[in-house]
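J.: Before I ask anything, here is the structure I am working with.
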Amino acid sequence: SLTEHKRAAHTSSMKKRKPRKVSASPGEKRRKKKQPQKDETDAKRRPKASLSNASLISGAGIFNAGGLSKLNEFANSKDHLGIVHRGTPAGSKTYFRKLVEQVDFDEAQGIVCKSHAKDDLRRILAAKIPKKLRGHDFYETWLSDMTEVCKTFCDVLKSKAVSFWVGSDRGCVRYHVDWVPFRMLVTYHGKGTELLPDGVADREAFLDSNNDNQVVEDPNAVKFMRPWDIALFRGGPDGVVHRTPDSALDAPTILMRLDRKEFLDAILEQEDAA
């Protein structure tokens, strides 16, 4: 349908959009309330408590992997979203707060090969992150994590390389599904991706309405990925409906997105042709 094509066009677009001007539902207003800022020591006090069964995102079509290597099993399943729940390492909040406050860091992107993933990431980020922050101990922790996630995504795709993007400009303001075979997201800092699992999203309203408030059947059942959790989306019309949460549109945030190598190749070709 025409609406489906509009949705597909939105999902494939990488241009920044203005924040939506739809009326906020009571559930959204509650989510927008500012939470008291927690001290960095919170991350040290709650290493495993945050991984309780009550906090896990689950439901039909969701594959909860026990670790990165288990995501290969998701690729062969019929589920639409694979999740690896993880804790936030100590020092994460402090480091990323410095990154977003001291540096005009918008985005960095490039091709990452599995055989030399860490070297590729170093090269891509060298032009965007000052030497002082690259010399910070936590930078190596972050770099090592992105390296392992990139390698895992290569395994999922059975590919030698992937398209890598990391940045603070999260512009997916409307609910959508991805129209790519697989996409991996990790929010390292800020509010994680907003999800509408099956039974929460009104699929008919999603396709027919321009009002996001009509898409949510139960605002209290909306889910959010946590910082450092890994989300692997299977694209297509039956994919999990999701978007950038309101609080991440104008607040400090760092998101990593991985796609097939051809995804970035197509973007670069379009830029060259413009």
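Residues in the structure tokens are numbered from 1 in each chain, the chains being A, B, ... in the order shown, and ligands are numbered from 1 in the order shown.
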Output as a Markdown table one row per residue of range 89-117 of chain A within 9 Å of range 245-258 of chain A: the closest atom pair and its distance in Å to one decimal place, counting only C-alpha atoms, sorted by chain and residue number ascending.
T.:
```
| residue | atom | partner | partner_atom | distance |
| --- | --- | --- | --- | --- |
| A:Phe96 | CA | A:Ile254 | CA | 7.7 |
| A:Arg97 | CA | A:Pro252 | CA | 7.7 |
| A:Val100 | CA | A:Pro252 | CA | 6.2 |
| A:Glu101 | CA | A:Pro252 | CA | 8.0 |
```
J.: Could you dump the residues just selected with C-alpha atoms as a PDB file, in the first residue's frame?
T.:
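Produced file again-v9.pdb, reproduced below:
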```
ATOM      1  CA  PHE A  96      30.642   9.102  27.706  1.00  0.00           C
ATOM      2  CA  ARG A  97      29.583  12.193  29.629  1.00  0.00           C
ATOM      3  CA  VAL A 100      29.451  14.262  24.592  1.00  0.00           C
ATOM      4  CA  GLU A 101      30.180  17.364  26.694  1.00  0.00           C
TER       5      GLU A 101
END
```
J.: Would you list, as a VMD selection string, the residues of range 208-274 of chain A that end up in strand (DSSP E or B) under DSSP run on this structure's backbone?
T.: chain A and resid 216 223 to 224 230 to 234 241 to 243 254 to 260
J.: For a quick check of understanding, using only C-alpha atoms, which of A:Asp218, A:Asp137, A:Glu204, A:Asp169 has the smallest distance to Asp104 in chain A?
T.: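 Closest to Asp104 in chain A of all the choices is A:Asp169.
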J.: Could you pull out the residues in range 182-214 of chain A that DSSP calls alpha helix (DSSP H) from the backbone, as a PyMOL selection string?
T.: chain A and resi 203-208
J.: Output the selection as a CSV table (one decimal), in the first residue's frame - N, CA and C atoms for each residue.
T.:
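Final output, saved to part_19.csv:
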```
chain,number,residue,atom,x,y,z
A,203,ARG,N,-0.9,-2.9,14.6
A,203,ARG,CA,-0.3,-3.0,13.3
A,203,ARG,C,-1.2,-2.2,12.3
A,204,GLU,N,-2.5,-2.3,12.4
A,204,GLU,CA,-3.3,-1.6,11.4
A,204,GLU,C,-3.1,-0.1,11.5
A,205,ALA,N,-3.1,0.4,12.8
A,205,ALA,CA,-2.9,1.8,13.0
A,205,ALA,C,-1.5,2.2,12.6
A,206,PHE,N,-0.5,1.3,12.7
A,206,PHE,CA,0.9,1.6,12.4
A,206,PHE,C,1.0,1.9,10.8
A,207,LEU,N,0.2,1.1,10.1
A,207,LEU,CA,0.3,1.2,8.6
A,207,LEU,C,-0.6,2.4,8.1
A,208,ASP,N,-1.7,2.7,8.8
A,208,ASP,CA,-2.7,3.6,8.3
A,208,ASP,C,-2.6,5.0,8.9
```
J.: Would you mind telling me which residue in A:Ile124, A:Leu68, A:Val173, A:Val112 lies nearest to Gly82 in chain A when using only C-alpha atoms?
T.: A:Leu68
J.: Taking 5 positions as the minimum chain separation for residues in the same chain, which residues sit within 12 Å of Lys98 in chain A when counting only C-alpha atoms? Answer as a ChimeraX atom specification.
T.: /A:91-93,103-105,129-130,132-134,136,138-139,189,252-254
